[in-house]
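So this one's target03.cif, mmCIF, C-alpha atoms:
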```
data_input
loop_
_atom_site.group_PDB
_atom_site.id
_atom_site.type_symbol
_atom_site.label_atom_id
_atom_site.label_comp_id
_atom_site.auth_asym_id
_atom_site.auth_seq_id
_atom_site.Cartn_x
_atom_site.Cartn_y
_atom_site.Cartn_z
ATOM 1 C CA MET A 1 0.000 0.000 0.000
ATOM 2 C CA THR A 2 1.371 3.424 -0.938
ATOM 3 C CA PRO A 3 1.848 6.070 1.779
ATOM 4 C CA ILE A 4 -1.042 8.134 0.383
ATOM 5 C CA ARG A 5 -3.386 5.152 0.299
ATOM 6 C CA SER A 6 -2.271 4.196 3.819
ATOM 7 C CA MET A 7 -3.129 7.665 5.101
ATOM 8 C CA ILE A 8 -6.515 7.581 3.395
ATOM 9 C CA ALA A 9 -7.271 4.153 4.846
ATOM 10 C CA LEU A 10 -6.214 5.276 8.318
ATOM 11 C CA ALA A 11 -8.337 8.420 8.078
ATOM 12 C CA GLY A 12 -11.295 6.223 7.232
ATOM 13 C CA LEU A 13 -10.649 4.053 10.259
ATOM 14 C CA LEU A 14 -10.465 7.105 12.516
ATOM 15 C CA MET A 15 -13.837 8.254 11.186
ATOM 16 C CA LEU A 16 -15.349 4.820 11.797
ATOM 17 C CA THR A 17 -14.404 4.926 15.471
ATOM 18 C CA ALA A 18 -16.880 7.754 15.958
ATOM 19 C CA CYS A 19 -19.692 5.251 15.426
ATOM 20 C CA GLY A 20 -17.829 1.972 15.930
ATOM 21 C CA GLY A 21 -17.053 0.023 19.061
ATOM 22 C CA VAL A 22 -13.933 -1.345 20.718
ATOM 23 C CA ALA A 23 -12.994 -3.459 17.694
ATOM 24 C CA ALA A 24 -12.794 -0.359 15.504
ATOM 25 C CA ARG A 25 -10.567 1.342 18.078
ATOM 26 C CA HIS A 26 -8.239 -1.652 18.119
ATOM 27 C CA GLU A 27 -8.108 -1.639 14.336
ATOM 28 C CA VAL A 28 -6.845 1.947 14.272
ATOM 29 C CA ARG A 29 -3.866 0.937 16.395
ATOM 30 C CA SER A 30 -3.241 -2.177 14.314
ATOM 31 C CA ALA A 31 -3.192 -0.125 11.118
ATOM 32 C CA LEU A 32 -0.772 2.423 12.560
ATOM 33 C CA VAL A 33 1.589 -0.298 13.761
ATOM 34 C CA ALA A 34 1.422 -2.216 10.477
ATOM 35 C CA ASN A 35 2.004 0.883 8.359
ATOM 36 C CA ALA A 36 5.076 1.764 10.436
ATOM 37 C CA ASP A 37 6.356 -1.826 10.345
ATOM 38 C CA TRP A 38 6.464 -1.856 14.130
ATOM 39 C CA GLN A 39 5.857 -4.716 16.548
ATOM 40 C CA SER A 40 3.285 -4.991 19.320
ATOM 41 C CA GLY A 41 2.704 -7.045 22.415
ATOM 42 C CA VAL A 42 1.299 -7.104 25.926
ATOM 43 C CA VAL A 43 3.590 -7.248 28.956
ATOM 44 C CA GLN A 44 2.708 -8.179 32.520
ATOM 45 C CA ALA A 45 3.826 -5.350 34.778
ATOM 46 C CA GLY A 46 2.734 -5.384 38.400
ATOM 47 C CA LEU A 47 -1.035 -5.268 38.801
ATOM 48 C CA PHE A 48 -1.721 -4.631 35.142
ATOM 49 C CA ASP A 49 -1.076 -5.839 31.623
ATOM 50 C CA ILE A 50 0.355 -3.075 29.447
ATOM 51 C CA ALA A 51 -0.157 -2.933 25.682
ATOM 52 C CA ALA A 52 3.007 -1.789 23.928
ATOM 53 C CA SER A 53 4.310 -1.146 20.433
ATOM 54 C CA TRP A 54 7.909 -0.529 19.406
ATOM 55 C CA SER A 55 10.133 0.330 16.475
ATOM 56 C CA GLN A 56 12.399 -2.096 14.622
ATOM 57 C CA VAL A 57 15.554 -0.879 16.359
ATOM 58 C CA THR A 58 16.529 -3.526 18.913
ATOM 59 C CA THR A 59 19.338 -1.801 20.833
ATOM 60 C CA GLY A 60 20.279 1.746 21.702
ATOM 61 C CA GLU A 61 21.683 3.891 24.462
ATOM 62 C CA THR A 62 18.547 6.021 24.740
ATOM 63 C CA LEU A 63 14.978 4.735 24.807
ATOM 64 C CA PHE A 64 12.336 7.232 23.658
ATOM 65 C CA VAL A 65 9.011 6.391 25.286
ATOM 66 C CA TYR A 66 5.586 7.757 24.302
ATOM 67 C CA LEU A 67 2.800 7.548 26.874
ATOM 68 C CA GLU A 68 -0.823 7.538 25.726
ATOM 69 C CA GLY A 69 -3.462 9.930 27.019
ATOM 70 C CA ASP A 70 -6.491 9.056 29.125
ATOM 71 C CA GLY A 71 -8.341 7.525 26.187
ATOM 72 C CA LEU A 72 -12.085 7.055 26.296
ATOM 73 C CA ALA A 73 -12.519 7.611 30.039
ATOM 74 C CA TYR A 74 -16.149 8.730 29.826
ATOM 75 C CA VAL A 75 -18.885 8.302 27.229
ATOM 76 C CA THR A 76 -20.892 11.142 28.808
ATOM 77 C CA VAL A 77 -20.024 13.661 31.511
ATOM 78 C CA TYR A 78 -21.332 11.340 34.233
ATOM 79 C CA ARG A 79 -21.023 7.905 32.619
ATOM 80 C CA PRO A 80 -17.617 6.148 32.623
ATOM 81 C CA ALA A 81 -16.698 4.086 29.597
ATOM 82 C CA GLN A 82 -16.612 0.310 29.863
ATOM 83 C CA ASP A 83 -13.300 0.222 27.983
ATOM 84 C CA PRO A 84 -10.812 3.148 28.009
ATOM 85 C CA THR A 85 -9.146 2.251 24.700
ATOM 86 C CA PRO A 86 -8.765 5.548 22.815
ATOM 87 C CA SER A 87 -10.680 6.302 19.653
ATOM 88 C CA ASP A 88 -7.640 8.139 18.322
ATOM 89 C CA PRO A 89 -4.290 7.066 19.865
ATOM 90 C CA VAL A 90 -2.560 10.425 19.467
ATOM 91 C CA ALA A 91 0.583 9.362 21.327
ATOM 92 C CA LEU A 92 0.988 6.355 19.035
ATOM 93 C CA ARG A 93 0.551 8.508 15.951
ATOM 94 C CA MET A 94 3.286 10.754 17.325
ATOM 95 C CA ALA A 95 5.535 7.828 18.208
ATOM 96 C CA VAL A 96 5.573 6.310 14.734
ATOM 97 C CA GLN A 97 6.816 9.661 13.409
ATOM 98 C CA ASP A 98 9.639 9.951 15.940
ATOM 99 C CA ILE A 99 12.812 11.100 14.228
ATOM 100 C CA HIS A 100 15.033 8.863 16.371
ATOM 101 C CA SER A 101 13.880 5.524 14.937
ATOM 102 C CA ALA A 102 15.598 5.893 11.561
ATOM 103 C CA GLY A 103 19.026 6.703 10.203
ATOM 104 C CA LYS A 104 22.523 5.610 11.128
ATOM 105 C CA ALA A 105 22.150 6.635 14.763
ATOM 106 C CA ALA A 106 18.662 5.159 15.216
ATOM 107 C CA GLN A 107 17.480 4.546 18.754
ATOM 108 C CA PRO A 108 14.588 2.408 20.026
ATOM 109 C CA VAL A 109 11.191 4.092 20.250
ATOM 110 C CA LEU A 110 8.492 2.622 22.469
ATOM 111 C CA TYR A 111 4.787 3.325 22.834
ATOM 112 C CA LEU A 112 3.002 2.399 26.053
ATOM 113 C CA ALA A 113 -0.759 2.429 26.314
ATOM 114 C CA ARG A 114 -2.345 2.986 29.683
ATOM 115 C CA PRO A 115 -3.435 0.068 31.859
ATOM 116 C CA CYS A 116 -6.656 -1.464 30.495
ATOM 117 C CA GLN A 117 -6.314 0.191 27.076
ATOM 118 C CA TYR A 118 -6.174 -2.414 24.276
ATOM 119 C CA THR A 119 -6.143 -5.262 26.816
ATOM 120 C CA LEU A 120 -9.801 -5.875 27.674
ATOM 121 C CA PRO A 121 -11.168 -8.434 28.025
ATOM 122 C CA GLU A 122 -8.509 -11.140 27.718
ATOM 123 C CA HIS A 123 -5.582 -9.274 29.338
ATOM 124 C CA GLY A 124 -7.506 -6.924 31.582
ATOM 125 C CA ARG A 125 -6.165 -7.853 34.987
ATOM 126 C CA ASN A 126 -7.446 -5.593 37.798
ATOM 127 C CA CYS A 127 -9.281 -3.314 35.382
ATOM 128 C CA SER A 128 -11.593 -1.403 37.674
ATOM 129 C CA ARG A 129 -13.188 1.729 36.223
ATOM 130 C CA LYS A 130 -11.493 3.850 38.871
ATOM 131 C CA TYR A 131 -8.250 3.356 36.940
ATOM 132 C CA TRP A 132 -9.497 5.442 34.029
ATOM 133 C CA THR A 133 -11.587 7.872 36.083
ATOM 134 C CA THR A 134 -10.639 9.188 39.538
ATOM 135 C CA GLY A 135 -7.600 6.917 39.953
ATOM 136 C CA ARG A 136 -6.134 7.315 36.470
ATOM 137 C CA TYR A 137 -2.820 8.524 37.983
ATOM 138 C CA ALA A 138 -2.829 6.232 40.996
ATOM 139 C CA PRO A 139 0.442 4.999 42.554
ATOM 140 C CA GLU A 140 -0.229 1.498 41.251
ATOM 141 C CA ILE A 141 -0.647 2.861 37.725
ATOM 142 C CA VAL A 142 2.721 4.602 37.971
ATOM 143 C CA ALA A 143 4.334 1.482 39.419
ATOM 144 C CA SER A 144 2.988 -0.739 36.631
ATOM 145 C CA LEU A 145 4.207 1.558 33.863
ATOM 146 C CA SER A 146 7.588 1.824 35.567
ATOM 147 C CA MET A 147 7.883 -1.969 35.606
ATOM 148 C CA ALA A 148 7.057 -2.040 31.905
ATOM 149 C CA LEU A 149 9.794 0.537 31.322
ATOM 150 C CA ASP A 150 12.255 -1.689 33.169
ATOM 151 C CA GLN A 151 11.425 -4.622 30.912
ATOM 152 C CA PHE A 152 11.886 -2.691 27.702
ATOM 153 C CA LYS A 153 14.956 -0.861 28.913
ATOM 154 C CA GLN A 154 16.586 -4.234 29.521
ATOM 155 C CA ARG A 155 15.341 -5.611 26.185
ATOM 156 C CA PHE A 156 16.845 -2.699 24.255
ATOM 157 C CA GLN A 157 19.970 -2.467 26.444
ATOM 158 C CA ALA A 158 19.280 1.222 26.978
ATOM 159 C CA ARG A 159 20.905 3.424 29.597
ATOM 160 C CA HIS A 160 18.749 6.538 29.374
ATOM 161 C CA ILE A 161 15.031 7.204 28.985
ATOM 162 C CA VAL A 162 13.320 10.214 27.447
ATOM 163 C CA LEU A 163 9.591 10.376 28.211
ATOM 164 C CA VAL A 164 7.045 11.937 25.871
ATOM 165 C CA GLY A 165 3.524 12.145 27.253
ATOM 166 C CA TYR A 166 0.342 13.252 25.518
ATOM 167 C CA SER A 167 -2.458 14.747 27.655
ATOM 168 C CA GLY A 168 -2.820 12.481 30.714
ATOM 169 C CA GLY A 169 0.295 10.687 29.540
ATOM 170 C CA GLY A 170 2.119 13.930 30.276
ATOM 171 C CA ALA A 171 1.027 13.713 33.894
ATOM 172 C CA LEU A 172 2.370 10.172 34.046
ATOM 173 C CA ALA A 173 5.652 11.212 32.423
ATOM 174 C CA VAL A 174 6.233 13.602 35.331
ATOM 175 C CA LEU A 175 5.170 11.018 37.915
ATOM 176 C CA LEU A 176 7.393 8.309 36.407
ATOM 177 C CA ALA A 177 10.382 10.639 36.270
ATOM 178 C CA SER A 178 9.926 11.478 39.949
ATOM 179 C CA GLU A 179 10.349 7.791 40.838
ATOM 180 C CA ARG A 180 13.246 6.900 38.519
ATOM 181 C CA SER A 181 16.912 7.839 38.207
ATOM 182 C CA ASP A 182 17.356 7.078 34.480
ATOM 183 C CA VAL A 183 15.033 9.693 32.958
ATOM 184 C CA THR A 184 17.111 12.376 31.268
ATOM 185 C CA GLY A 185 14.319 14.403 29.682
ATOM 186 C CA ILE A 186 10.568 14.977 29.687
ATOM 187 C CA VAL A 187 8.393 16.279 26.872
ATOM 188 C CA THR A 188 4.684 16.772 27.483
ATOM 189 C CA VAL A 189 2.035 17.726 24.940
ATOM 190 C CA VAL A 190 -1.093 19.403 26.357
ATOM 191 C CA GLY A 191 -0.262 17.601 29.591
ATOM 192 C CA ASN A 192 -2.589 17.696 32.592
ATOM 193 C CA LEU A 193 0.178 18.679 34.984
ATOM 194 C CA ASP A 194 -1.629 20.349 37.901
ATOM 195 C CA LEU A 195 -4.672 18.332 38.874
ATOM 196 C CA ALA A 196 -5.742 20.488 41.804
ATOM 197 C CA TYR A 197 -5.670 23.691 39.763
ATOM 198 C CA TRP A 198 -7.433 22.039 36.811
ATOM 199 C CA ALA A 199 -10.212 20.563 38.960
ATOM 200 C CA GLN A 200 -10.789 23.816 40.809
ATOM 201 C CA ARG A 201 -10.772 25.883 37.608
ATOM 202 C CA ASP A 202 -13.363 23.693 35.892
ATOM 203 C CA GLY A 203 -15.420 22.821 38.975
ATOM 204 C CA LEU A 204 -14.591 19.131 38.683
ATOM 205 C CA THR A 205 -14.570 16.427 41.302
ATOM 206 C CA PRO A 206 -10.950 15.996 42.440
ATOM 207 C CA LEU A 207 -9.198 12.880 41.127
ATOM 208 C CA SER A 208 -9.097 11.106 44.458
ATOM 209 C CA GLY A 209 -6.591 8.276 44.472
ATOM 210 C CA SER A 210 -4.389 9.995 41.887
ATOM 211 C CA ILE A 211 -1.029 11.641 42.469
ATOM 212 C CA ASP A 212 -0.829 15.274 41.405
ATOM 213 C CA PRO A 213 2.203 15.963 39.174
ATOM 214 C CA ALA A 214 2.476 19.454 40.672
ATOM 215 C CA ASP A 215 3.102 17.875 44.076
ATOM 216 C CA VAL A 216 6.215 16.039 42.829
ATOM 217 C CA ALA A 217 7.495 18.880 40.648
ATOM 218 C CA PRO A 218 10.336 19.869 43.031
ATOM 219 C CA LYS A 219 11.734 16.321 42.820
ATOM 220 C CA ILE A 220 12.413 16.626 39.092
ATOM 221 C CA ALA A 221 13.632 20.216 38.901
ATOM 222 C CA ASN A 222 17.016 19.017 37.613
ATOM 223 C CA ILE A 223 15.506 17.013 34.731
ATOM 224 C CA ALA A 224 15.255 18.891 31.430
ATOM 225 C CA GLN A 225 11.603 19.483 30.591
ATOM 226 C CA LEU A 226 9.757 20.915 27.596
ATOM 227 C CA HIS A 227 5.995 21.358 27.927
ATOM 228 C CA LEU A 228 3.932 22.040 24.783
ATOM 229 C CA ALA A 229 0.617 23.839 25.146
ATOM 230 C CA GLY A 230 -2.146 24.717 22.693
ATOM 231 C CA GLY A 231 -3.606 28.201 22.674
ATOM 232 C CA ARG A 232 -7.033 26.825 21.700
ATOM 233 C CA ASP A 233 -6.953 23.912 24.139
ATOM 234 C CA ASP A 234 -10.140 24.179 26.210
ATOM 235 C CA ALA A 235 -9.641 20.775 27.858
ATOM 236 C CA VAL A 236 -6.392 21.530 29.687
ATOM 237 C CA GLY A 237 -4.891 24.781 28.458
ATOM 238 C CA PRO A 238 -1.629 26.698 28.901
ATOM 239 C CA ASP A 239 -2.689 27.967 32.331
ATOM 240 C CA VAL A 240 -2.493 24.426 33.719
ATOM 241 C CA THR A 241 1.050 24.131 32.408
ATOM 242 C CA GLN A 242 1.905 27.494 33.954
ATOM 243 C CA ALA A 243 0.435 26.401 37.297
ATOM 244 C CA TYR A 244 2.666 23.331 37.250
ATOM 245 C CA MET A 245 5.729 25.373 36.359
ATOM 246 C CA ALA A 246 5.007 27.690 39.288
ATOM 247 C CA ALA A 247 5.442 24.680 41.571
ATOM 248 C CA LEU A 248 9.032 24.220 40.383
ATOM 249 C CA PRO A 249 11.873 25.893 42.259
ATOM 250 C CA ALA A 250 13.847 28.746 40.725
ATOM 251 C CA GLY A 251 16.436 27.557 38.237
ATOM 252 C CA ALA A 252 14.503 24.463 37.153
ATOM 253 C CA LYS A 253 15.357 23.134 33.695
ATOM 254 C CA VAL A 254 11.916 23.787 32.263
ATOM 255 C CA GLU A 255 10.380 25.636 29.317
ATOM 256 C CA MET A 256 6.859 25.983 27.952
ATOM 257 C CA LEU A 257 6.392 26.148 24.193
ATOM 258 C CA GLY A 258 3.043 27.526 23.036
ATOM 259 C CA PHE A 259 1.197 26.865 19.769
ATOM 260 C CA ASP A 260 -1.537 29.470 19.416
ATOM 261 C CA GLN A 261 -3.542 27.681 16.704
ATOM 262 C CA TYR A 262 -3.510 24.195 18.267
ATOM 263 C CA ASP A 263 -6.181 22.726 20.529
ATOM 264 C CA HIS A 264 -6.137 19.585 22.664
ATOM 265 C CA HIS A 265 -6.157 17.217 19.681
ATOM 266 C CA CYS A 266 -5.239 19.175 16.578
ATOM 267 C CA CYS A 267 -2.673 19.091 15.230
ATOM 268 C CA TRP A 268 0.011 17.514 17.358
ATOM 269 C CA ALA A 269 0.215 14.112 15.700
ATOM 270 C CA ARG A 270 -0.185 15.497 12.191
ATOM 271 C CA ASP A 271 2.711 17.918 12.640
ATOM 272 C CA TRP A 272 4.818 15.986 15.123
ATOM 273 C CA ARG A 273 7.811 15.311 12.879
ATOM 274 C CA GLU A 274 8.147 19.022 12.148
ATOM 275 C CA ILE A 275 7.387 20.110 15.714
ATOM 276 C CA SER A 276 9.894 17.711 17.236
ATOM 277 C CA GLN A 277 12.734 19.136 15.168
ATOM 278 C CA ARG A 278 12.311 22.657 16.490
ATOM 279 C CA PRO A 279 15.412 24.084 18.205
ATOM 280 C CA GLU A 280 13.662 24.168 21.593
ATOM 281 C CA PHE A 281 13.927 20.377 21.721
ATOM 282 C CA SER A 282 17.697 20.677 21.971
ATOM 283 C CA ARG A 283 17.248 21.294 25.702
ATOM 284 C CA ILE A 284 16.309 17.611 26.027
ATOM 285 C CA PRO A 285 19.457 15.456 26.338
ATOM 286 C CA TYR A 286 19.916 12.977 23.462
ATOM 287 C CA TRP A 287 17.155 14.601 21.399
ATOM 288 C CA SER A 288 18.219 15.050 17.778
ATOM 289 C CA THR A 289 17.566 18.447 16.192
ATOM 290 C CA PRO A 290 18.895 19.904 12.912
#
```
Using structure tokens, write down the structure from this file.
Amino acid sequence: MTPIRSMIALAGLLMLTACGGVAARHEVRSALVANADWQSGVVQAGLFDIAASWSQVTTGETLFVYLEGDGLAYVTVYRPAQDPTPSDPVALRMAVQDIHSAGKAAQPVLYLARPCQYTLPEHGRNCSRKYWTTGRYAPEIVASLSMALDQFKQRFQARHIVLVGYSGGGALAVLLASERSDVTGIVTVVGNLDLAYWAQRDGLTPLSGSIDPADVAPKIANIAQLHLAGGRDDAVGPDVTQAYMAALPAGAKVEMLGFDQYDHHCCWARDWREISQRPEFSRIPYWSTP
């Protein structure tokens, strides 16, 4: 299939998920992975099974890890979804465009879905709805993803990890970095980085059982961070990023990069290859920029 036909087919699949069920959502991921010639699997990691996809590169000093967003947490404002698998896996669409997975100095690139995404029903250990609603950033979620990171870091013989998190995956990137000593850089895209501020601003029920990234911010002040925010993002917004940054001590290695015309979904994945080569990314150790 030609690249143009692949993109058309994928666009059709994304449209079908609006009216399709879980199978259609799985098919979107399968098409992305197949088109990129990646591999996929499910790993047991603590309490949960984690769906993962990864590039063809089998070894490398630095492992670039993309963390998926919250997915389909709710079908209505008050009704949680039965399966949190995302309709559009934005983090995966970003991952398959990562500039580090090709060329002479290629490094391994890994995509991690959230617990219970792409694993129900056969691999859905401990999949209570709290883990994609109020407890979506629970300590056990962080621990499970960290165990998955350990497995892939050993598989790829990597020494360093760079975390890239989309939306709620950005929150988990911060939380994971606060518990590990091998994370050299963090990139978040429309990340929900200050839960208390966000909940108070929007009049939401606090995410009880979740860890607030803003609370652990001082622990990662020495890790290089780049936080991307969309000027038209009415789900999270640049003010949430700014609230998180205010929790960091003076001199922290952090920068916010704003995109005035972008919202929470558009157009991060579409433009990721271009975005990720901007000079601001040079603040992230081991990130390749022109």
Using only C-alpha atoms, the residue out of A:Pro218, A:Gly165, A:Gly41, A:Gly60 with shortest distance to Ala95 (chain A) is A:Gly165
Item checked: region 49-57 of chain A surroundings by only C-alpha atoms, 6 Å radius, close-in-sequence under 4 positions cut, as a list in words ->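 That gives Trp38, Gln39, Ser40, Gly41, Val42, Val43, Gln44, Ala45, Pro108, Val109, Leu110, Tyr111, Leu112, Ala113 and Pro115 of chain A.
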Under the PyMOL selection byres ((chain A and resi 62-70) around 8), which residues of this model are included? Write them out as JSON, numbers by chain.
{"A": [60, 61, 71, 72, 73, 84, 86, 89, 90, 91, 92, 94, 95, 100, 107, 108, 109, 110, 111, 112, 113, 114, 132, 136, 153, 156, 158, 159, 160, 161, 162, 163, 164, 165, 166, 167, 168, 169, 170, 172, 173, 286]}
From the list A:Asp233, A:Asp83, A:Asp202, A:Asp215, the nearest residue to Val189 (chain A) using all atoms listed in the file is A:Asp233
| said: Please determine, counting all atoms listed in the file, which residue among A:Tyr137, A:Tyr78, A:Trp268, A:Tyr131 has the shortest atom-to-atom distance to Val174 (chain A). | reply: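 So, comparing all the options, the nearest one is A:Tyr137.
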Taking the file as I've supplied it (selection: the PyMOL selection byres ((chain A and resi 226) around 6)), which residues are included? Please answer as an mmCIF file with C-alpha atoms, in the coordinates of the input.
```cif
data_model
loop_
_atom_site.group_PDB
_atom_site.id
_atom_site.type_symbol
_atom_site.label_atom_id
_atom_site.label_comp_id
_atom_site.auth_asym_id
_atom_site.auth_seq_id
_atom_site.Cartn_x
_atom_site.Cartn_y
_atom_site.Cartn_z
ATOM 1 C CA VAL A 187 8.393 16.279 26.872
ATOM 2 C CA GLN A 225 11.603 19.483 30.591
ATOM 3 C CA HIS A 227 5.995 21.358 27.927
ATOM 4 C CA VAL A 254 11.916 23.787 32.263
ATOM 5 C CA GLU A 255 10.380 25.636 29.317
ATOM 6 C CA MET A 256 6.859 25.983 27.952
#
```
(message) Using the chain letters and numbers from this file, what does the PyMOL selection byres ((chain A and resi 140-148) around 7) select? Give the answer as JSON, numbers by chain.
(response) {"A": [43, 45, 46, 47, 48, 137, 138, 139, 149, 150, 151, 152, 172, 175, 176]}
